[in-house]
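Below: target-v1.pdb (PDB, C-alpha atoms and all ligand atoms)
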```pdb
ATOM      1  CA  MET A 986      13.871   6.497  -4.772  1.00  0.00           C
ATOM      2  CA  LYS A 987      16.882   8.396  -3.547  1.00  0.00           C
ATOM      3  CA  GLY A 988      20.054   7.534  -5.402  1.00  0.00           C
ATOM      4  CA  GLU A 989      18.170   5.885  -8.251  1.00  0.00           C
ATOM      5  CA  ARG A 990      17.644   7.422 -11.642  1.00  0.00           C
ATOM      6  CA  PHE A 991      14.411   7.070 -13.512  1.00  0.00           C
ATOM      7  CA  LYS A 992      14.388   4.733 -16.518  1.00  0.00           C
ATOM      8  CA  GLU A 993      13.380   7.681 -18.709  1.00  0.00           C
ATOM      9  CA  GLU A 994      16.757   9.336 -18.018  1.00  0.00           C
ATOM     10  CA  ARG A 995      18.834   6.287 -18.881  1.00  0.00           C
ATOM     11  CA  GLU A 996      17.269   5.320 -22.211  1.00  0.00           C
ATOM     12  CA  PRO A 997      16.742   7.263 -25.431  1.00  0.00           C
ATOM     13  CA  CYS A 998      13.395   9.044 -25.134  1.00  0.00           C
ATOM     14  CA  ALA A 999      10.697   9.026 -27.798  1.00  0.00           C
ATOM     15  CA  PHE A1000       9.322  12.277 -26.411  1.00  0.00           C
ATOM     16  CA  PHE A1001      10.736  15.465 -25.066  1.00  0.00           C
ATOM     17  CA  ILE A1002       9.027  17.438 -22.364  1.00  0.00           C
ATOM     18  CA  ARG A1003       8.584  21.193 -22.555  1.00  0.00           C
ATOM     19  CA  PRO A1004       6.369  23.826 -20.936  1.00  0.00           C
ATOM     20  CA  MET A1005       2.862  24.049 -22.353  1.00  0.00           C
ATOM     21  CA  ALA A1006       2.206  27.169 -24.442  1.00  0.00           C
ATOM     22  CA  VAL A1007      -1.071  28.826 -25.333  1.00  0.00           C
ATOM     23  CA  GLU A1008      -0.598  27.477 -28.893  1.00  0.00           C
ATOM     24  CA  ASP A1009      -0.804  23.926 -27.480  1.00  0.00           C
ATOM     25  CA  ILE A1010      -4.277  24.377 -25.974  1.00  0.00           C
ATOM     26  CA  GLY A1011      -6.099  23.078 -29.070  1.00  0.00           C
ATOM     27  CA  VAL A1012      -4.306  19.733 -29.214  1.00  0.00           C
ATOM     28  CA  VAL A1013      -4.231  19.418 -25.428  1.00  0.00           C
ATOM     29  CA  THR A1014      -8.009  19.955 -25.345  1.00  0.00           C
ATOM     30  CA  ALA A1015      -8.429  17.249 -28.005  1.00  0.00           C
ATOM     31  CA  ILE A1016      -6.356  14.805 -25.929  1.00  0.00           C
ATOM     32  CA  GLU A1017      -8.280  15.716 -22.789  1.00  0.00           C
ATOM     33  CA  SER A1018     -11.631  15.283 -24.574  1.00  0.00           C
ATOM     34  CA  GLU A1019     -10.960  11.537 -24.975  1.00  0.00           C
ATOM     35  CA  ASN A1020     -11.323  11.016 -21.219  1.00  0.00           C
ATOM     36  CA  PRO A1021     -14.232  11.031 -18.741  1.00  0.00           C
ATOM     37  CA  ALA A1022     -15.228  14.437 -17.338  1.00  0.00           C
ATOM     38  CA  PRO A1023     -12.812  16.356 -19.568  1.00  0.00           C
ATOM     39  CA  TRP A1024     -11.832  19.925 -18.860  1.00  0.00           C
ATOM     40  CA  SER A1025     -12.780  22.473 -21.512  1.00  0.00           C
ATOM     41  CA  GLY A1026     -10.237  24.410 -23.539  1.00  0.00           C
ATOM     42  CA  GLY A1027     -11.056  27.441 -21.403  1.00  0.00           C
ATOM     43  CA  GLN A1028     -10.298  25.561 -18.205  1.00  0.00           C
ATOM     44  CA  LEU A1029      -7.033  24.239 -19.614  1.00  0.00           C
ATOM     45  CA  ALA A1030      -6.017  27.673 -20.888  1.00  0.00           C
ATOM     46  CA  GLY A1031      -6.867  29.110 -17.486  1.00  0.00           C
ATOM     47  CA  GLU A1032      -4.245  26.867 -15.906  1.00  0.00           C
ATOM     48  CA  LEU A1033      -1.543  28.753 -17.817  1.00  0.00           C
ATOM     49  CA  ASP A1034      -2.372  31.844 -15.747  1.00  0.00           C
ATOM     50  CA  GLN A1035      -2.606  30.146 -12.350  1.00  0.00           C
ATOM     51  CA  GLU A1036      -0.240  31.358  -9.679  1.00  0.00           C
ATOM     52  CA  GLY A1037       1.889  28.364  -8.703  1.00  0.00           C
ATOM     53  CA  GLY A1038       0.618  26.472 -11.744  1.00  0.00           C
ATOM     54  CA  TRP A1039       2.771  24.204 -13.874  1.00  0.00           C
ATOM     55  CA  GLN A1040       1.953  22.639 -17.218  1.00  0.00           C
ATOM     56  CA  PHE A1041       4.091  20.473 -19.499  1.00  0.00           C
ATOM     57  CA  VAL A1042       3.541  18.695 -22.792  1.00  0.00           C
ATOM     58  CA  ALA A1043       5.188  15.579 -24.231  1.00  0.00           C
ATOM     59  CA  GLU A1044       6.141  16.136 -27.844  1.00  0.00           C
ATOM     60  CA  SER A1045       7.050  13.261 -30.158  1.00  0.00           C
ATOM     61  CA  ARG A1046      10.653  13.507 -31.333  1.00  0.00           C
ATOM     62  CA  ALA A1047       9.728  11.673 -34.540  1.00  0.00           C
ATOM     63  CA  PHE A1048       6.676  13.711 -35.534  1.00  0.00           C
ATOM     64  CA  GLY A1049       6.975  16.970 -33.617  1.00  0.00           C
ATOM     65  CA  GLN A1050       3.451  16.372 -32.350  1.00  0.00           C
ATOM     66  CA  VAL A1051       2.116  17.005 -28.859  1.00  0.00           C
ATOM     67  CA  CYS A1052       1.007  13.583 -27.587  1.00  0.00           C
ATOM     68  CA  GLY A1053       0.280  14.197 -23.916  1.00  0.00           C
ATOM     69  CA  PHE A1054       0.248  16.734 -21.128  1.00  0.00           C
ATOM     70  CA  VAL A1055       0.321  17.182 -17.387  1.00  0.00           C
ATOM     71  CA  CYS A1056      -0.737  20.116 -15.254  1.00  0.00           C
ATOM     72  CA  GLY A1057      -0.986  20.966 -11.596  1.00  0.00           C
ATOM     73  CA  ARG A1058      -0.476  23.640  -8.987  1.00  0.00           C
ATOM     74  CA  SER A1059       1.858  24.204  -6.067  1.00  0.00           C
ATOM     75  CA  CYS A1060       1.255  26.168  -2.905  1.00  0.00           C
ATOM     76  CA  VAL A1061       3.375  26.533   0.248  1.00  0.00           C
ATOM     77  CA  GLY A1062       5.482  23.455  -0.351  1.00  0.00           C
ATOM     78  CA  ASP A1063       2.734  21.144  -1.562  1.00  0.00           C
ATOM     79  CA  GLY A1064       2.026  20.265  -5.172  1.00  0.00           C
ATOM     80  CA  GLU A1065      -1.122  18.794  -6.648  1.00  0.00           C
ATOM     81  CA  LEU A1066      -1.130  16.973  -9.956  1.00  0.00           C
ATOM     82  CA  LEU A1067      -4.511  17.885 -11.453  1.00  0.00           C
ATOM     83  CA  LYS A1068      -4.492  16.322 -14.908  1.00  0.00           C
ATOM     84  CA  ILE A1069      -2.355  13.979 -16.964  1.00  0.00           C
ATOM     85  CA  ALA A1070      -3.388  12.422 -20.245  1.00  0.00           C
ATOM     86  CA  VAL A1071      -1.824  10.900 -23.335  1.00  0.00           C
ATOM     87  CA  GLY A1072      -3.606  10.594 -26.684  1.00  0.00           C
ATOM     88  CA  ARG A1073      -4.996   7.092 -27.188  1.00  0.00           C
ATOM     89  CA  GLU A1074      -2.779   6.310 -30.187  1.00  0.00           C
ATOM     90  CA  HIS A1075       0.352   7.309 -28.267  1.00  0.00           C
ATOM     91  CA  ARG A1076      -0.203   5.330 -25.069  1.00  0.00           C
ATOM     92  CA  ARG A1077       2.150   2.648 -23.755  1.00  0.00           C
ATOM     93  CA  GLN A1078       5.167   4.380 -25.270  1.00  0.00           C
ATOM     94  CA  GLY A1079       6.468   6.064 -22.142  1.00  0.00           C
ATOM     95  CA  ALA A1080       5.029   9.567 -22.595  1.00  0.00           C
ATOM     96  CA  ALA A1081       3.242   9.677 -19.239  1.00  0.00           C
ATOM     97  CA  ALA A1082       6.276   8.280 -17.456  1.00  0.00           C
ATOM     98  CA  GLN A1083       8.401  11.046 -18.947  1.00  0.00           C
ATOM     99  CA  LEU A1084       5.822  13.641 -17.948  1.00  0.00           C
ATOM    100  CA  VAL A1085       5.713  12.378 -14.350  1.00  0.00           C
ATOM    101  CA  ALA A1086       9.507  12.131 -14.095  1.00  0.00           C
ATOM    102  CA  HIS A1087       9.879  15.666 -15.414  1.00  0.00           C
ATOM    103  CA  THR A1088       7.185  16.967 -13.078  1.00  0.00           C
ATOM    104  CA  LEU A1089       8.788  15.413 -10.010  1.00  0.00           C
ATOM    105  CA  HIS A1090      12.185  16.885 -10.853  1.00  0.00           C
ATOM    106  CA  TYR A1091      10.587  20.267 -11.528  1.00  0.00           C
ATOM    107  CA  LEU A1092       8.768  20.219  -8.191  1.00  0.00           C
ATOM    108  CA  ALA A1093      11.905  19.147  -6.327  1.00  0.00           C
ATOM    109  CA  ALA A1094      13.823  22.014  -7.923  1.00  0.00           C
ATOM    110  CA  GLN A1095      11.046  24.392  -6.836  1.00  0.00           C
ATOM    111  CA  GLY A1096      11.416  23.245  -3.234  1.00  0.00           C
ATOM    112  CA  VAL A1097       8.067  21.441  -3.186  1.00  0.00           C
ATOM    113  CA  ALA A1098       8.105  18.753  -0.489  1.00  0.00           C
ATOM    114  CA  ARG A1099       5.086  16.621  -1.367  1.00  0.00           C
ATOM    115  CA  CYS A1100       2.971  15.974  -4.424  1.00  0.00           C
ATOM    116  CA  PHE A1101      -0.643  14.874  -4.052  1.00  0.00           C
ATOM    117  CA  LEU A1102      -3.240  13.626  -6.486  1.00  0.00           C
ATOM    118  CA  GLU A1103      -6.500  11.761  -6.607  1.00  0.00           C
ATOM    119  CA  LEU A1104      -7.778   9.313  -9.164  1.00  0.00           C
ATOM    120  CA  ARG A1105     -10.643   6.954  -9.808  1.00  0.00           C
ATOM    121  CA  ALA A1106     -10.191   3.612  -8.081  1.00  0.00           C
ATOM    122  CA  ALA A1107     -11.037   1.864 -11.361  1.00  0.00           C
ATOM    123  CA  ASN A1108      -8.260   3.674 -13.238  1.00  0.00           C
ATOM    124  CA  LEU A1109      -5.719   0.865 -13.012  1.00  0.00           C
ATOM    125  CA  PRO A1110      -3.361   2.177 -15.746  1.00  0.00           C
ATOM    126  CA  ALA A1111      -2.978   5.503 -13.902  1.00  0.00           C
ATOM    127  CA  LEU A1112      -2.620   3.745 -10.548  1.00  0.00           C
ATOM    128  CA  ALA A1113       0.170   1.577 -11.963  1.00  0.00           C
ATOM    129  CA  LEU A1114       1.856   4.675 -13.378  1.00  0.00           C
ATOM    130  CA  TYR A1115       1.851   6.508 -10.046  1.00  0.00           C
ATOM    131  CA  GLU A1116       2.874   3.471  -8.017  1.00  0.00           C
ATOM    132  CA  ARG A1117       5.789   2.955 -10.374  1.00  0.00           C
ATOM    133  CA  PHE A1118       6.986   6.408  -9.306  1.00  0.00           C
ATOM    134  CA  GLY A1119       6.614   5.658  -5.615  1.00  0.00           C
ATOM    135  CA  PHE A1120       3.332   7.418  -4.878  1.00  0.00           C
ATOM    136  CA  ARG A1121       1.742   5.891  -1.786  1.00  0.00           C
ATOM    137  CA  ARG A1122      -1.892   5.647  -0.777  1.00  0.00           C
ATOM    138  CA  LEU A1123      -3.144   8.180   1.746  1.00  0.00           C
ATOM    139  CA  GLY A1124      -6.773   7.136   1.758  1.00  0.00           C
ATOM    140  CA  VAL A1125     -10.008   6.612  -0.115  1.00  0.00           C
ATOM    141  CA  ARG A1126     -12.953   8.950  -0.622  1.00  0.00           C
ATOM    142  CA  LYS A1127     -15.939   6.648  -0.960  1.00  0.00           C
ATOM    143  CA  LYS A1128     -18.288   7.314  -3.899  1.00  0.00           C
ATOM    144  CA  TYR A1129     -16.449  10.543  -4.685  1.00  0.00           C
ATOM    145  CA  TYR A1130     -16.957  10.414  -8.451  1.00  0.00           C
ATOM    146  CA  ALA A1131     -20.172  10.297 -10.497  1.00  0.00           C
ATOM    147  CA  SER A1132     -20.820   9.274 -14.133  1.00  0.00           C
ATOM    148  CA  PRO A1133     -19.782   6.533 -13.600  1.00  0.00           C
ATOM    149  CA  PRO A1134     -19.754   6.316  -9.803  1.00  0.00           C
ATOM    150  CA  ASP A1135     -16.389   5.453  -8.286  1.00  0.00           C
ATOM    151  CA  ASP A1136     -14.240   5.919  -5.203  1.00  0.00           C
ATOM    152  CA  ALA A1137     -11.326   8.350  -5.247  1.00  0.00           C
ATOM    153  CA  ILE A1138      -7.902   7.133  -4.170  1.00  0.00           C
ATOM    154  CA  LEU A1139      -5.648   9.804  -2.677  1.00  0.00           C
ATOM    155  CA  LEU A1140      -1.948   9.415  -3.373  1.00  0.00           C
ATOM    156  CA  GLU A1141       1.126  11.205  -2.071  1.00  0.00           C
ATOM    157  CA  LYS A1142       4.754  11.295  -3.151  1.00  0.00           C
ATOM    158  CA  ASN A1143       7.623  12.676  -1.072  1.00  0.00           C
ATOM    159  CA  VAL A1144       9.232  14.879  -3.689  1.00  0.00           C
ATOM    160  CA  ALA A1145      12.226  15.617  -1.509  1.00  0.00           C
ATOM    161  CA  LEU A1146      13.396  12.033  -2.159  1.00  0.00           C
ATOM    162  CA  VAL A1147      13.579  12.652  -5.922  1.00  0.00           C
ATOM    163  CA  SER A1148      17.198  12.878  -7.066  1.00  0.00           C
TER     164      SER A1148
HETATM  165  C1  LIG A1201      -2.720   6.842 -17.551  1.00  0.00           C
HETATM  166  C2  LIG A1201      -2.043   7.352 -18.830  1.00  0.00           C
HETATM  167  C3  LIG A1201      -1.734   8.845 -18.666  1.00  0.00           C
HETATM  168  C4  LIG A1201      -0.740   6.549 -19.060  1.00  0.00           C
HETATM  169  O1  LIG A1201      -0.099   7.099 -20.202  1.00  0.00           O
HETATM  170  P1  LIG A1201       0.966   6.261 -21.061  1.00  0.00           P
HETATM  171  O2  LIG A1201       1.777   7.241 -21.847  1.00  0.00           O
HETATM  172  O3  LIG A1201       0.268   5.201 -21.823  1.00  0.00           O
HETATM  173  O4  LIG A1201       1.852   5.587 -19.933  1.00  0.00           O
HETATM  174  P2  LIG A1201       3.354   5.070 -20.110  1.00  0.00           P
HETATM  175  O5  LIG A1201       3.503   4.396 -21.436  1.00  0.00           O
HETATM  176  O6  LIG A1201       4.285   6.182 -19.821  1.00  0.00           O
HETATM  177  O7  LIG A1201       3.443   3.963 -18.973  1.00  0.00           O
HETATM  178  C5  LIG A1201       4.118   4.217 -17.746  1.00  0.00           C
HETATM  179  C6  LIG A1201       3.667   3.182 -16.722  1.00  0.00           C
HETATM  180  O8  LIG A1201       2.272   3.372 -16.442  1.00  0.00           O
HETATM  181  C7  LIG A1201       1.652   2.098 -16.235  1.00  0.00           C
HETATM  182  N1  LIG A1201       0.653   1.889 -17.271  1.00  0.00           N
HETATM  183  C8  LIG A1201       0.340   2.743 -18.297  1.00  0.00           C
HETATM  184  N2  LIG A1201      -0.677   2.247 -19.012  1.00  0.00           N
HETATM  185  C9  LIG A1201      -1.012   1.066 -18.448  1.00  0.00           C
HETATM  186  C10 LIG A1201      -2.004   0.093 -18.744  1.00  0.00           C
HETATM  187  N3  LIG A1201      -2.862   0.232 -19.770  1.00  0.00           N
HETATM  188  N4  LIG A1201      -2.084  -0.994 -17.936  1.00  0.00           N
HETATM  189  C11 LIG A1201      -1.239  -1.161 -16.899  1.00  0.00           C
HETATM  190  N5  LIG A1201      -0.266  -0.257 -16.558  1.00  0.00           N
HETATM  191  C12 LIG A1201      -0.169   0.840 -17.347  1.00  0.00           C
HETATM  192  C13 LIG A1201       2.771   1.072 -16.305  1.00  0.00           C
HETATM  193  O9  LIG A1201       3.307   0.947 -15.001  1.00  0.00           O
HETATM  194  C14 LIG A1201       3.763   1.769 -17.207  1.00  0.00           C
HETATM  195  O10 LIG A1201       5.085   1.317 -17.023  1.00  0.00           O
HETATM  196  P3  LIG A1201       5.629   0.100 -17.983  1.00  0.00           P
HETATM  197  O11 LIG A1201       5.463   0.577 -19.378  1.00  0.00           O
HETATM  198  O12 LIG A1201       7.065  -0.018 -17.569  1.00  0.00           O
HETATM  199  O13 LIG A1201       4.780  -1.084 -17.661  1.00  0.00           O
HETATM  200  C15 LIG A1201      -2.963   7.125 -20.078  1.00  0.00           C
HETATM  201  O14 LIG A1201      -3.448   5.800 -20.045  1.00  0.00           O
HETATM  202  C16 LIG A1201      -4.127   8.087 -20.161  1.00  0.00           C
HETATM  203  O15 LIG A1201      -4.014   9.181 -20.740  1.00  0.00           O
HETATM  204  N6  LIG A1201      -5.278   7.687 -19.584  1.00  0.00           N
HETATM  205  C17 LIG A1201      -6.470   8.557 -19.634  1.00  0.00           C
HETATM  206  C18 LIG A1201      -6.321   9.759 -18.727  1.00  0.00           C
HETATM  207  C19 LIG A1201      -6.090   9.333 -17.296  1.00  0.00           C
HETATM  208  O16 LIG A1201      -6.612   8.329 -16.819  1.00  0.00           O
HETATM  209  N7  LIG A1201      -5.307  10.155 -16.583  1.00  0.00           N
HETATM  210  C20 LIG A1201      -5.001   9.922 -15.186  1.00  0.00           C
HETATM  211  C21 LIG A1201      -6.025  10.536 -14.310  1.00  0.00           C
HETATM  212  S1  LIG A1201      -5.486  10.467 -12.629  1.00  0.00           S
END
```
For the structure just supplied, provide its representation as structure tokens.
Ligand SMILES: CC(C)(COP(=O)(O)OP(=O)(O)OC[C@H]1O[C@@H](n2cnc3c(N)ncnc32)[C@H](O)[C@@H]1OP(=O)(O)O)[C@@H](O)C(=O)NCCC(=O)NCCS
Amino acid sequence: MKGERFKEEREPCAFFIRPMAVEDIGVVTAIESENPAPWSGGQLAGELDQEGGWQFVAESRAFGQVCGFVCGRSCVGDGELLKIAVGREHRRQGAAAQLVAHTLHYLAAQGVARCFLELRAANLPALALYERFGFRRLGVRKKYYASPPDDAILLEKNVALVS
């Protein structure tokens, strides 16, 4: 919210966030492969060349290891968060929160007004993550996902309110 600072900026951070490099694609692909309907290494590498694309990794300060990533694309003032994932053994340590906070500040600095995303309705950890950052529900796409079947929830965040 405007005037507030994210928790990740006030407390010492276990991870630092940096742009994803082509050298990261191997570990990012391994992290992604732990999740349903994972993108291939080729798809992830392709994001690095996307016009309006943005990709960041969370690297452990203690181990110098990439533990999570986020990627998306922006076009004419709108951003879309396409993927975010943290390696199973690194979850619940604040990596995703740092990735989202960094992404929102990056988009605000780029002049992006709104950030959109969609997720499986059953993905309660991700839903809690996004709601913590003030994403609000735009709607539901019934039976949007297969294997396993699920609805898609569409979320939006007004990036202009990020300070
Ligand atoms: C969703 C995901 C990215 C969260 O990563 P993470 O690094 O564990 O998340 P963080 O530790 O930064 O948690 C940030 C907030 O997210 C929410 N959250 C994360 N995991 C949660 C869980 N298992 N249950 C409930 N809330 C959770 C909480 O609000 C948490 O804040 P808190 O720690 O103050 O309670 C991770 O679980 C993941 O990679 N899941 C598989 C991929 C995926 O589902 N991606 C999203 C697709 S839209």
message = From the options A:Ala1113, A:Ala1043, A:Val1012, A:Leu1033, which residue's atoms come nearest to ligand LIG 1201 (chain A), counting all atoms listed in the file?
response = A:Ala1113
key: Protein and nucleic acid residues within 10 Å of ligand LIG 1201 (chain A) (only C-alpha atoms and all ligand atoms) as number ranges by chain   = A: 992-993, 1016-1021, 1023, 1043, 1052-1055, 1066-1086, 1102-1118, 1137-1140
Take the residues just selected and output them with C-alpha atoms as a compact mmCIF listing (two decimals), in the coordinates of the input.
```txt
# COMPACT_ATOMS: atom_id res chain seq x y z
CA LYS A 992 14.39 4.73 -16.52
CA GLU A 993 13.38 7.68 -18.71
CA ILE A 1016 -6.36 14.80 -25.93
CA GLU A 1017 -8.28 15.72 -22.79
CA SER A 1018 -11.63 15.28 -24.57
CA GLU A 1019 -10.96 11.54 -24.98
CA ASN A 1020 -11.32 11.02 -21.22
CA PRO A 1021 -14.23 11.03 -18.74
CA PRO A 1023 -12.81 16.36 -19.57
CA ALA A 1043 5.19 15.58 -24.23
CA CYS A 1052 1.01 13.58 -27.59
CA GLY A 1053 0.28 14.20 -23.92
CA PHE A 1054 0.25 16.73 -21.13
CA VAL A 1055 0.32 17.18 -17.39
CA LEU A 1066 -1.13 16.97 -9.96
CA LEU A 1067 -4.51 17.89 -11.45
CA LYS A 1068 -4.49 16.32 -14.91
CA ILE A 1069 -2.36 13.98 -16.96
CA ALA A 1070 -3.39 12.42 -20.24
CA VAL A 1071 -1.82 10.90 -23.34
CA GLY A 1072 -3.61 10.59 -26.68
CA ARG A 1073 -5.00 7.09 -27.19
CA GLU A 1074 -2.78 6.31 -30.19
CA HIS A 1075 0.35 7.31 -28.27
CA ARG A 1076 -0.20 5.33 -25.07
CA ARG A 1077 2.15 2.65 -23.76
CA GLN A 1078 5.17 4.38 -25.27
CA GLY A 1079 6.47 6.06 -22.14
CA ALA A 1080 5.03 9.57 -22.60
CA ALA A 1081 3.24 9.68 -19.24
CA ALA A 1082 6.28 8.28 -17.46
CA GLN A 1083 8.40 11.05 -18.95
CA LEU A 1084 5.82 13.64 -17.95
CA VAL A 1085 5.71 12.38 -14.35
CA ALA A 1086 9.51 12.13 -14.10
CA LEU A 1102 -3.24 13.63 -6.49
CA GLU A 1103 -6.50 11.76 -6.61
CA LEU A 1104 -7.78 9.31 -9.16
CA ARG A 1105 -10.64 6.95 -9.81
CA ALA A 1106 -10.19 3.61 -8.08
CA ALA A 1107 -11.04 1.86 -11.36
CA ASN A 1108 -8.26 3.67 -13.24
CA LEU A 1109 -5.72 0.86 -13.01
CA PRO A 1110 -3.36 2.18 -15.75
CA ALA A 1111 -2.98 5.50 -13.90
CA LEU A 1112 -2.62 3.74 -10.55
CA ALA A 1113 0.17 1.58 -11.96
CA LEU A 1114 1.86 4.68 -13.38
CA TYR A 1115 1.85 6.51 -10.05
CA GLU A 1116 2.87 3.47 -8.02
CA ARG A 1117 5.79 2.96 -10.37
CA PHE A 1118 6.99 6.41 -9.31
CA ALA A 1137 -11.33 8.35 -5.25
CA ILE A 1138 -7.90 7.13 -4.17
CA LEU A 1139 -5.65 9.80 -2.68
CA LEU A 1140 -1.95 9.41 -3.37
```
query = Which value, in Å to one decimal, gives the distance between CA of Gly1027 (chain A) and CA of Ile1002 (chain A)?
reply =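 About the pair CA of Gly1027 (chain A) and CA of Ile1002 (chain A): they are 22.5 Å apart.
The spacing separating CA of Val1097 (chain A) from CA of Ala999 (chain A) amounts to 27.7 Å.
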ask   = With only C-alpha atoms as the atoms that count, which of A:Glu1141, A:Tyr1129, A:Gly1038, A:Leu1089 lies nearest to Phe1101 (chain A)?
value = A:Glu1141
key: Interatomic distance (Å, one decimal) between CA of Cys1056 (chain A) and CA of Arg1122 (chain A)   =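 A separation of 20.5 Å between them.
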query = At most 7 Å from (3.9, 15.0, -4.5), file frame, all atoms listed in the file: which residues, as a ChimeraX atom specification?
reply = /A:1063-1065,1098-1101,1141-1144
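Taken over the shown file, the PyMOL selection byres (((chain A and resi 1003) around 6) and not hetatm) identifies A:Ile1002, A:Pro1004, A:Phe1041, A:Val1042.
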Hey, can you spit out that residue selection with C-alpha atoms as a PDB file, keeping the file's coordinate frame?
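Result written to again-v1.pdb:
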```pdb
ATOM      1  CA  ILE A1002       9.027  17.438 -22.364  1.00  0.00           C
ATOM      2  CA  PRO A1004       6.369  23.826 -20.936  1.00  0.00           C
ATOM      3  CA  PHE A1041       4.091  20.473 -19.499  1.00  0.00           C
ATOM      4  CA  VAL A1042       3.541  18.695 -22.792  1.00  0.00           C
TER       5      VAL A1042
END
```
task = Using the chain letters and residue numbers of this document, give as a list in words the residues selected by the PyMOL selection byres (((chain A and resi 1008) around 12) and not hetatm).
result = Pro1004, Met1005, Ala1006, Val1007, Asp1009, Ile1010, Gly1011, Val1012, Val1013, Thr1014, Gly1026, Leu1029, Ala1030, Leu1033, Val1042 and Val1051 of chain A
Counting only C-alpha atoms, the option among A:Phe1001, A:Tyr1130, A:Trp1039, A:Phe1048 closest to Leu1092 (chain A) =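 Of A:Phe1001, A:Tyr1130, A:Trp1039, A:Phe1048, the one nearest Leu1092 (chain A), counting only C-alpha atoms, is A:Trp1039.
Distance check against Gln1035 (chain A) using all atoms listed in the file: of A:Ala1022, A:Ser1059, A:Ala1015, A:Ala1094, the minimum falls on A:Ser1059.
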ask   = Can you tell me, as a PyMOL selection string, what residues are no more than 10 Å from Ala1047 (chain A) when counting all atoms listed in the file, ignoring any on the same chain fewer than 2 positions away?
value = chain A and resi 999-1000+1044-1045+1049-1050
Would you mind completing region 1051-1068 of chain A so that it carries N, CA and C atoms, and writing it out as a PDB file, in the coordinates of the input?
```pdb
ATOM      1  N   VAL A1051       2.420  17.114 -30.281  1.00  0.00           N
ATOM      2  CA  VAL A1051       2.116  17.005 -28.859  1.00  0.00           C
ATOM      3  C   VAL A1051       1.231  15.776 -28.650  1.00  0.00           C
ATOM      4  N   CYS A1052       1.689  14.872 -27.785  1.00  0.00           N
ATOM      5  CA  CYS A1052       1.007  13.583 -27.587  1.00  0.00           C
ATOM      6  C   CYS A1052       0.396  13.448 -26.198  1.00  0.00           C
ATOM      7  N   GLY A1053       0.807  14.305 -25.268  1.00  0.00           N
ATOM      8  CA  GLY A1053       0.280  14.197 -23.916  1.00  0.00           C
ATOM      9  C   GLY A1053       0.611  15.441 -23.119  1.00  0.00           C
ATOM     10  N   PHE A1054       0.011  15.547 -21.961  1.00  0.00           N
ATOM     11  CA  PHE A1054       0.248  16.734 -21.128  1.00  0.00           C
ATOM     12  C   PHE A1054       0.030  16.402 -19.661  1.00  0.00           C
ATOM     13  N   VAL A1055       0.560  17.267 -18.827  1.00  0.00           N
ATOM     14  CA  VAL A1055       0.321  17.182 -17.387  1.00  0.00           C
ATOM     15  C   VAL A1055       0.180  18.610 -16.876  1.00  0.00           C
ATOM     16  N   CYS A1056      -0.671  18.795 -15.881  1.00  0.00           N
ATOM     17  CA  CYS A1056      -0.737  20.116 -15.254  1.00  0.00           C
ATOM     18  C   CYS A1056      -1.088  19.967 -13.780  1.00  0.00           C
ATOM     19  N   GLY A1057      -0.712  20.968 -13.027  1.00  0.00           N
ATOM     20  CA  GLY A1057      -0.986  20.966 -11.596  1.00  0.00           C
ATOM     21  C   GLY A1057      -0.664  22.317 -11.002  1.00  0.00           C
ATOM     22  N   ARG A1058      -0.741  22.384  -9.694  1.00  0.00           N
ATOM     23  CA  ARG A1058      -0.476  23.640  -8.987  1.00  0.00           C
ATOM     24  C   ARG A1058       0.304  23.348  -7.723  1.00  0.00           C
ATOM     25  N   SER A1059       1.111  24.316  -7.316  1.00  0.00           N
ATOM     26  CA  SER A1059       1.858  24.204  -6.067  1.00  0.00           C
ATOM     27  C   SER A1059       1.534  25.379  -5.173  1.00  0.00           C
ATOM     28  N   CYS A1060       1.538  25.119  -3.877  1.00  0.00           N
ATOM     29  CA  CYS A1060       1.255  26.168  -2.905  1.00  0.00           C
ATOM     30  C   CYS A1060       1.930  25.785  -1.587  1.00  0.00           C
ATOM     31  N   VAL A1061       2.661  26.711  -1.020  1.00  0.00           N
ATOM     32  CA  VAL A1061       3.375  26.533   0.248  1.00  0.00           C
ATOM     33  C   VAL A1061       3.944  25.112   0.445  1.00  0.00           C
ATOM     34  N   GLY A1062       4.749  24.707  -0.506  1.00  0.00           N
ATOM     35  CA  GLY A1062       5.482  23.455  -0.351  1.00  0.00           C
ATOM     36  C   GLY A1062       4.756  22.199  -0.747  1.00  0.00           C
ATOM     37  N   ASP A1063       3.478  22.315  -1.100  1.00  0.00           N
ATOM     38  CA  ASP A1063       2.734  21.144  -1.562  1.00  0.00           C
ATOM     39  C   ASP A1063       2.346  21.321  -3.025  1.00  0.00           C
ATOM     40  N   GLY A1064       2.460  20.244  -3.787  1.00  0.00           N
ATOM     41  CA  GLY A1064       2.026  20.265  -5.172  1.00  0.00           C
ATOM     42  C   GLY A1064       0.839  19.347  -5.358  1.00  0.00           C
ATOM     43  N   GLU A1065      -0.008  19.685  -6.305  1.00  0.00           N
ATOM     44  CA  GLU A1065      -1.122  18.794  -6.648  1.00  0.00           C
ATOM     45  C   GLU A1065      -1.131  18.573  -8.151  1.00  0.00           C
ATOM     46  N   LEU A1066      -1.027  17.324  -8.540  1.00  0.00           N
ATOM     47  CA  LEU A1066      -1.130  16.973  -9.956  1.00  0.00           C
ATOM     48  C   LEU A1066      -2.621  16.893 -10.286  1.00  0.00           C
ATOM     49  N   LEU A1067      -3.076  17.781 -11.173  1.00  0.00           N
ATOM     50  CA  LEU A1067      -4.511  17.885 -11.453  1.00  0.00           C
ATOM     51  C   LEU A1067      -4.941  17.047 -12.650  1.00  0.00           C
ATOM     52  N   LYS A1068      -4.123  17.032 -13.677  1.00  0.00           N
ATOM     53  CA  LYS A1068      -4.492  16.322 -14.908  1.00  0.00           C
ATOM     54  C   LYS A1068      -3.253  15.736 -15.556  1.00  0.00           C
TER      55      LYS A1068
END
```
